[in-house]
file entry_31.cif (mmCIF, C-alpha atoms)
data_entry
loop_
_atom_site.group_PDB
_atom_site.id
_atom_site.type_symbol
_atom_site.label_atom_id
_atom_site.label_comp_id
_atom_site.auth_asym_id
_atom_site.auth_seq_id
_atom_site.Cartn_x
_atom_site.Cartn_y
_atom_site.Cartn_z
ATOM 1 C CA MET L 580 0.000 0.000 0.000
ATOM 2 C CA SER L 581 2.729 2.494 0.868
ATOM 3 C CA SER L 582 4.369 2.141 -2.550
ATOM 4 C CA ARG L 583 1.039 2.887 -4.177
ATOM 5 C CA ARG L 584 0.693 6.037 -2.063
ATOM 6 C CA SER L 585 4.201 7.215 -2.878
ATOM 7 C CA ARG L 586 3.576 6.708 -6.590
ATOM 8 C CA SER L 587 0.357 8.679 -6.264
ATOM 9 C CA ARG L 588 2.191 11.521 -4.502
ATOM 10 C CA GLN L 589 4.892 11.518 -7.188
ATOM 11 C CA ALA L 590 2.252 11.691 -9.917
ATOM 12 C CA GLU L 591 0.549 14.605 -8.163
ATOM 13 C CA SER L 592 3.803 16.498 -7.709
ATOM 14 C CA SER L 593 4.793 15.984 -11.359
ATOM 15 C CA ARG L 594 1.449 17.231 -12.676
ATOM 16 C CA ILE L 595 1.421 20.708 -14.010
ATOM 17 C CA SER L 596 -1.060 23.080 -12.426
ATOM 18 C CA GLU L 597 -3.655 25.047 -14.334
ATOM 19 C CA ASP L 598 -1.872 28.260 -13.377
ATOM 20 C CA GLN L 599 1.373 26.916 -14.818
ATOM 21 C CA ILE L 600 -0.398 25.940 -18.023
ATOM 22 C CA ASN L 601 -1.950 29.399 -18.297
ATOM 23 C CA GLU L 602 1.446 31.000 -17.737
ATOM 24 C CA LEU L 603 3.077 28.839 -20.405
ATOM 25 C CA VAL L 604 0.288 29.537 -22.892
ATOM 26 C CA SER L 605 0.649 33.250 -22.187
ATOM 27 C CA LYS L 606 4.396 33.076 -22.839
ATOM 28 C CA LEU L 607 3.761 31.135 -26.012
ATOM 29 C CA GLN L 608 1.242 33.726 -27.145
ATOM 30 C CA GLN L 609 3.857 36.449 -26.712
ATOM 31 C CA LEU L 610 6.282 34.579 -28.954
ATOM 32 C CA LEU L 611 3.944 34.222 -31.910
ATOM 33 C CA PRO L 612 4.169 37.218 -34.233
ATOM 34 C CA GLU L 613 0.791 36.644 -35.885
ATOM 35 C CA ILE L 614 -1.027 36.606 -32.568
ATOM 36 C CA GLN L 615 0.811 39.707 -31.369
ATOM 37 C CA THR L 616 -0.293 41.710 -34.395
ATOM 38 C CA ARG L 617 -3.937 40.782 -33.831
ATOM 39 C CA HIS L 618 -3.875 41.951 -30.198
ATOM 40 C CA SER L 619 -6.018 38.978 -29.191
ATOM 41 C CA ASP L 620 -5.969 39.030 -25.416
ATOM 42 C CA LYS L 621 -8.747 36.493 -24.983
ATOM 43 C CA MET L 622 -7.680 33.693 -27.304
ATOM 44 C CA SER L 623 -8.298 30.144 -26.119
ATOM 45 C CA ALA L 624 -5.349 27.938 -25.216
ATOM 46 C CA ALA L 625 -6.405 25.496 -27.939
ATOM 47 C CA LYS L 626 -6.336 28.266 -30.558
ATOM 48 C CA ILE L 627 -2.921 29.444 -29.361
ATOM 49 C CA LEU L 628 -1.553 25.903 -29.588
ATOM 50 C CA GLN L 629 -3.058 25.531 -33.058
ATOM 51 C CA GLU L 630 -1.478 28.821 -34.156
ATOM 52 C CA THR L 631 1.840 27.664 -32.674
ATOM 53 C CA CYS L 632 1.731 24.454 -34.709
ATOM 54 C CA ASN L 633 0.916 26.426 -37.858
ATOM 55 C CA TYR L 634 3.762 28.826 -37.171
ATOM 56 C CA ILE L 635 6.236 25.970 -36.662
ATOM 57 C CA ARG L 636 5.057 24.311 -39.899
ATOM 58 C CA ASN L 637 5.563 27.602 -41.748
ATOM 59 C CA LEU L 638 9.052 27.937 -40.277
ATOM 60 C CA HIS L 639 9.882 24.415 -41.459
ATOM 61 C CA ARG L 640 8.680 25.264 -44.975
ATOM 62 C CA GLU L 641 10.721 28.457 -44.935
ATOM 63 C CA VAL L 642 13.851 26.600 -43.802
ATOM 64 C CA ASP L 643 13.306 23.967 -46.500
ATOM 65 C CA GLY L 644 12.960 26.671 -49.149
ATOM 66 C CA LEU L 645 16.066 28.487 -47.973
ATOM 67 C CA SER L 646 18.008 25.218 -47.900
ATOM 68 C CA GLU L 647 16.988 24.512 -51.490
ATOM 69 C CA ARG L 648 17.991 28.009 -52.583
ATOM 70 C CA LEU L 649 21.332 27.683 -50.819
ATOM 71 C CA SER L 650 21.987 24.305 -52.431
ATOM 72 C CA GLU L 651 21.220 25.756 -55.844
ATOM 73 C CA LEU L 652 23.475 28.715 -55.156
ATOM 74 C CA LEU L 653 26.328 26.470 -54.094
ATOM 75 C CA GLU L 654 25.882 24.311 -57.206
ATOM 76 C CA THR L 655 25.973 27.281 -59.589
ATOM 77 C CA SER L 656 28.728 29.205 -57.809
ATOM 78 C CA ASP L 657 32.352 28.871 -58.723
ATOM 79 C CA THR L 658 34.645 27.129 -56.276
ATOM 80 C CA ALA L 659 35.867 30.328 -54.581
ATOM 81 C CA GLN L 660 32.343 31.650 -54.025
ATOM 82 C CA ALA L 661 31.124 28.285 -52.769
ATOM 83 C CA ALA L 662 34.068 28.078 -50.346
ATOM 84 C CA LEU L 663 33.307 31.585 -49.092
ATOM 85 C CA ILE L 664 29.626 30.751 -48.547
ATOM 86 C CA ARG L 665 30.536 27.533 -46.725
ATOM 87 C CA SER L 666 32.996 29.380 -44.475
ATOM 88 C CA LEU L 667 30.350 31.998 -43.633
ATOM 89 C CA LEU L 668 27.859 29.265 -42.780
ATOM 90 C CA MET L 669 30.319 27.552 -40.475
ATOM 91 C CA GLN L 670 30.795 30.683 -38.327
#

call {"tool": "encode", "arguments": {"input": "entry_31.cif", "output": "structure tokens"}}
result
Amino acid sequence: MSSRRSRSRQAESSRISEDQINELVSKLQQLLPEIQTRHSDKMSAAKILQETCNYIRNLHREVDGLSERLSELLETSDTAQAALIRSLLMQ
């Protein structure tokens, strides 16, 4: 019985409180540029999380596009230019 109680106490102490969730959602809301421009103070946590996922997906697409452009640039550049670009990227 005592091991069951200690596991229950550990589970309770590792749970995140509603206040902590609200604080984290608020911080997340501050980080999202699209939400900041709308001045939406009363957005639901679900909507903020959805917007966060959309923002991360857009960032991934942007990174993929930039990676493709960089690869193309490196392929079409002469050796000296490509070496310079690589050295700048490594900094």

call {"tool": "atom_distance", "arguments": {"input": "entry_31.cif", "atom1": "atom CA of Leu607 of chain L", "atom2": "atom CA of Arg594 of chain L"}}
result
19.4 Å

call {"tool": "closest_residue", "arguments": {"input": "entry_31.cif", "among": "L:Leu645, L:Leu653, L:Ala624, L:Ala661", "to": "Lys606 of chain L", "atoms": "only C-alpha atoms"}}
result
L:Ala624

call {"tool": "axis_aligned_box", "arguments": {"input": "entry_31.cif", "around": "segment 628-631 of chain L", "padding_each_side": "3 Å", "output": "JSON"}}
result
{"center_x": -0.6, "center_y": 27.2, "center_z": -31.9, "size_x": 10.9, "size_y": 9.3, "size_z": 10.6}

call {"tool": "resolve_selection", "arguments": {"input": "entry_31.cif", "expression": "the PyMOL selection byres ((chain L and resi 626-643) around 9)", "output": "ChimeraX atom specification"}}
result
/L:604-605,607-608,611-614,622-625,644-648

call {"tool": "decode", "arguments": {"input": "entry_31.cif", "residues": "segment 592-615 of chain L", "atoms": "N, CA, C and O atoms", "output": "PDB file, in the first residue's frame"}}
result
ATOM      1  N   SER L 592       2.781  15.450  -7.716  1.00  0.00           N
ATOM      2  CA  SER L 592       3.803  16.498  -7.709  1.00  0.00           C
ATOM      3  C   SER L 592       4.359  16.759  -9.106  1.00  0.00           C
ATOM      4  O   SER L 592       4.858  17.839  -9.377  1.00  0.00           O
ATOM      5  N   SER L 593       4.275  15.782 -10.012  1.00  0.00           N
ATOM      6  CA  SER L 593       4.793  15.984 -11.359  1.00  0.00           C
ATOM      7  C   SER L 593       3.740  16.578 -12.297  1.00  0.00           C
ATOM      8  O   SER L 593       4.063  16.987 -13.399  1.00  0.00           O
ATOM      9  N   ARG L 594       2.502  16.623 -11.858  1.00  0.00           N
ATOM     10  CA  ARG L 594       1.449  17.231 -12.676  1.00  0.00           C
ATOM     11  C   ARG L 594       1.653  18.732 -12.728  1.00  0.00           C
ATOM     12  O   ARG L 594       2.073  19.357 -11.768  1.00  0.00           O
ATOM     13  N   ILE L 595       1.298  19.265 -13.845  1.00  0.00           N
ATOM     14  CA  ILE L 595       1.421  20.708 -14.010  1.00  0.00           C
ATOM     15  C   ILE L 595       0.089  21.351 -13.622  1.00  0.00           C
ATOM     16  O   ILE L 595      -0.979  20.855 -13.966  1.00  0.00           O
ATOM     17  N   SER L 596       0.161  22.424 -12.891  1.00  0.00           N
ATOM     18  CA  SER L 596      -1.060  23.080 -12.426  1.00  0.00           C
ATOM     19  C   SER L 596      -1.691  23.900 -13.545  1.00  0.00           C
ATOM     20  O   SER L 596      -1.045  24.235 -14.544  1.00  0.00           O
ATOM     21  N   GLU L 597      -2.946  24.233 -13.345  1.00  0.00           N
ATOM     22  CA  GLU L 597      -3.655  25.047 -14.334  1.00  0.00           C
ATOM     23  C   GLU L 597      -3.023  26.428 -14.457  1.00  0.00           C
ATOM     24  O   GLU L 597      -2.915  26.975 -15.556  1.00  0.00           O
ATOM     25  N   ASP L 598      -2.559  26.967 -13.339  1.00  0.00           N
ATOM     26  CA  ASP L 598      -1.872  28.260 -13.377  1.00  0.00           C
ATOM     27  C   ASP L 598      -0.589  28.187 -14.196  1.00  0.00           C
ATOM     28  O   ASP L 598      -0.277  29.102 -14.956  1.00  0.00           O
ATOM     29  N   GLN L 599       0.145  27.087 -14.046  1.00  0.00           N
ATOM     30  CA  GLN L 599       1.373  26.916 -14.818  1.00  0.00           C
ATOM     31  C   GLN L 599       1.060  26.796 -16.298  1.00  0.00           C
ATOM     32  O   GLN L 599       1.769  27.362 -17.140  1.00  0.00           O
ATOM     33  N   ILE L 600       0.009  26.070 -16.620  1.00  0.00           N
ATOM     34  CA  ILE L 600      -0.398  25.940 -18.023  1.00  0.00           C
ATOM     35  C   ILE L 600      -0.766  27.305 -18.588  1.00  0.00           C
ATOM     36  O   ILE L 600      -0.339  27.677 -19.682  1.00  0.00           O
ATOM     37  N   ASN L 601      -1.555  28.062 -17.841  1.00  0.00           N
ATOM     38  CA  ASN L 601      -1.950  29.399 -18.297  1.00  0.00           C
ATOM     39  C   ASN L 601      -0.740  30.300 -18.503  1.00  0.00           C
ATOM     40  O   ASN L 601      -0.682  31.066 -19.470  1.00  0.00           O
ATOM     41  N   GLU L 602       0.225  30.200 -17.604  1.00  0.00           N
ATOM     42  CA  GLU L 602       1.446  31.000 -17.737  1.00  0.00           C
ATOM     43  C   GLU L 602       2.235  30.602 -18.985  1.00  0.00           C
ATOM     44  O   GLU L 602       2.708  31.463 -19.735  1.00  0.00           O
ATOM     45  N   LEU L 603       2.347  29.306 -19.225  1.00  0.00           N
ATOM     46  CA  LEU L 603       3.077  28.839 -20.405  1.00  0.00           C
ATOM     47  C   LEU L 603       2.365  29.235 -21.700  1.00  0.00           C
ATOM     48  O   LEU L 603       3.012  29.644 -22.669  1.00  0.00           O
ATOM     49  N   VAL L 604       1.060  29.135 -21.707  1.00  0.00           N
ATOM     50  CA  VAL L 604       0.288  29.537 -22.892  1.00  0.00           C
ATOM     51  C   VAL L 604       0.447  31.032 -23.127  1.00  0.00           C
ATOM     52  O   VAL L 604       0.592  31.479 -24.273  1.00  0.00           O
ATOM     53  N   SER L 605       0.456  31.811 -22.062  1.00  0.00           N
ATOM     54  CA  SER L 605       0.649  33.250 -22.187  1.00  0.00           C
ATOM     55  C   SER L 605       2.026  33.570 -22.777  1.00  0.00           C
ATOM     56  O   SER L 605       2.155  34.429 -23.662  1.00  0.00           O
ATOM     57  N   LYS L 606       3.040  32.873 -22.298  1.00  0.00           N
ATOM     58  CA  LYS L 606       4.396  33.076 -22.839  1.00  0.00           C
ATOM     59  C   LYS L 606       4.454  32.684 -24.304  1.00  0.00           C
ATOM     60  O   LYS L 606       5.083  33.362 -25.119  1.00  0.00           O
ATOM     61  N   LEU L 607       3.797  31.592 -24.630  1.00  0.00           N
ATOM     62  CA  LEU L 607       3.761  31.135 -26.012  1.00  0.00           C
ATOM     63  C   LEU L 607       3.069  32.158 -26.897  1.00  0.00           C
ATOM     64  O   LEU L 607       3.539  32.469 -27.991  1.00  0.00           O
ATOM     65  N   GLN L 608       1.989  32.711 -26.399  1.00  0.00           N
ATOM     66  CA  GLN L 608       1.242  33.726 -27.145  1.00  0.00           C
ATOM     67  C   GLN L 608       2.118  34.937 -27.444  1.00  0.00           C
ATOM     68  O   GLN L 608       2.043  35.513 -28.522  1.00  0.00           O
ATOM     69  N   GLN L 609       2.971  35.301 -26.522  1.00  0.00           N
ATOM     70  CA  GLN L 609       3.857  36.449 -26.712  1.00  0.00           C
ATOM     71  C   GLN L 609       4.918  36.184 -27.770  1.00  0.00           C
ATOM     72  O   GLN L 609       5.440  37.119 -28.369  1.00  0.00           O
ATOM     73  N   LEU L 610       5.240  34.922 -27.996  1.00  0.00           N
ATOM     74  CA  LEU L 610       6.282  34.579 -28.954  1.00  0.00           C
ATOM     75  C   LEU L 610       5.788  34.505 -30.395  1.00  0.00           C
ATOM     76  O   LEU L 610       6.587  34.547 -31.322  1.00  0.00           O
ATOM     77  N   LEU L 611       4.492  34.389 -30.567  1.00  0.00           N
ATOM     78  CA  LEU L 611       3.944  34.222 -31.910  1.00  0.00           C
ATOM     79  C   LEU L 611       3.643  35.567 -32.546  1.00  0.00           C
ATOM     80  O   LEU L 611       2.777  36.297 -32.077  1.00  0.00           O
ATOM     81  N   PRO L 612       4.344  35.892 -33.617  1.00  0.00           N
ATOM     82  CA  PRO L 612       4.169  37.218 -34.233  1.00  0.00           C
ATOM     83  C   PRO L 612       2.759  37.461 -34.758  1.00  0.00           C
ATOM     84  O   PRO L 612       2.245  38.562 -34.650  1.00  0.00           O
ATOM     85  N   GLU L 613       2.126  36.437 -35.316  1.00  0.00           N
ATOM     86  CA  GLU L 613       0.791  36.644 -35.885  1.00  0.00           C
ATOM     87  C   GLU L 613      -0.239  36.947 -34.813  1.00  0.00           C
ATOM     88  O   GLU L 613      -1.157  37.726 -35.028  1.00  0.00           O
ATOM     89  N   ILE L 614      -0.092  36.352 -33.665  1.00  0.00           N
ATOM     90  CA  ILE L 614      -1.027  36.606 -32.568  1.00  0.00           C
ATOM     91  C   ILE L 614      -0.775  37.990 -31.987  1.00  0.00           C
ATOM     92  O   ILE L 614      -1.705  38.710 -31.638  1.00  0.00           O
ATOM     93  N   GLN L 615       0.476  38.391 -31.911  1.00  0.00           N
ATOM     94  CA  GLN L 615       0.811  39.707 -31.369  1.00  0.00           C
ATOM     95  C   GLN L 615       0.207  40.822 -32.205  1.00  0.00           C
ATOM     96  O   GLN L 615      -0.264  41.815 -31.680  1.00  0.00           O
TER      97      GLN L 615
END
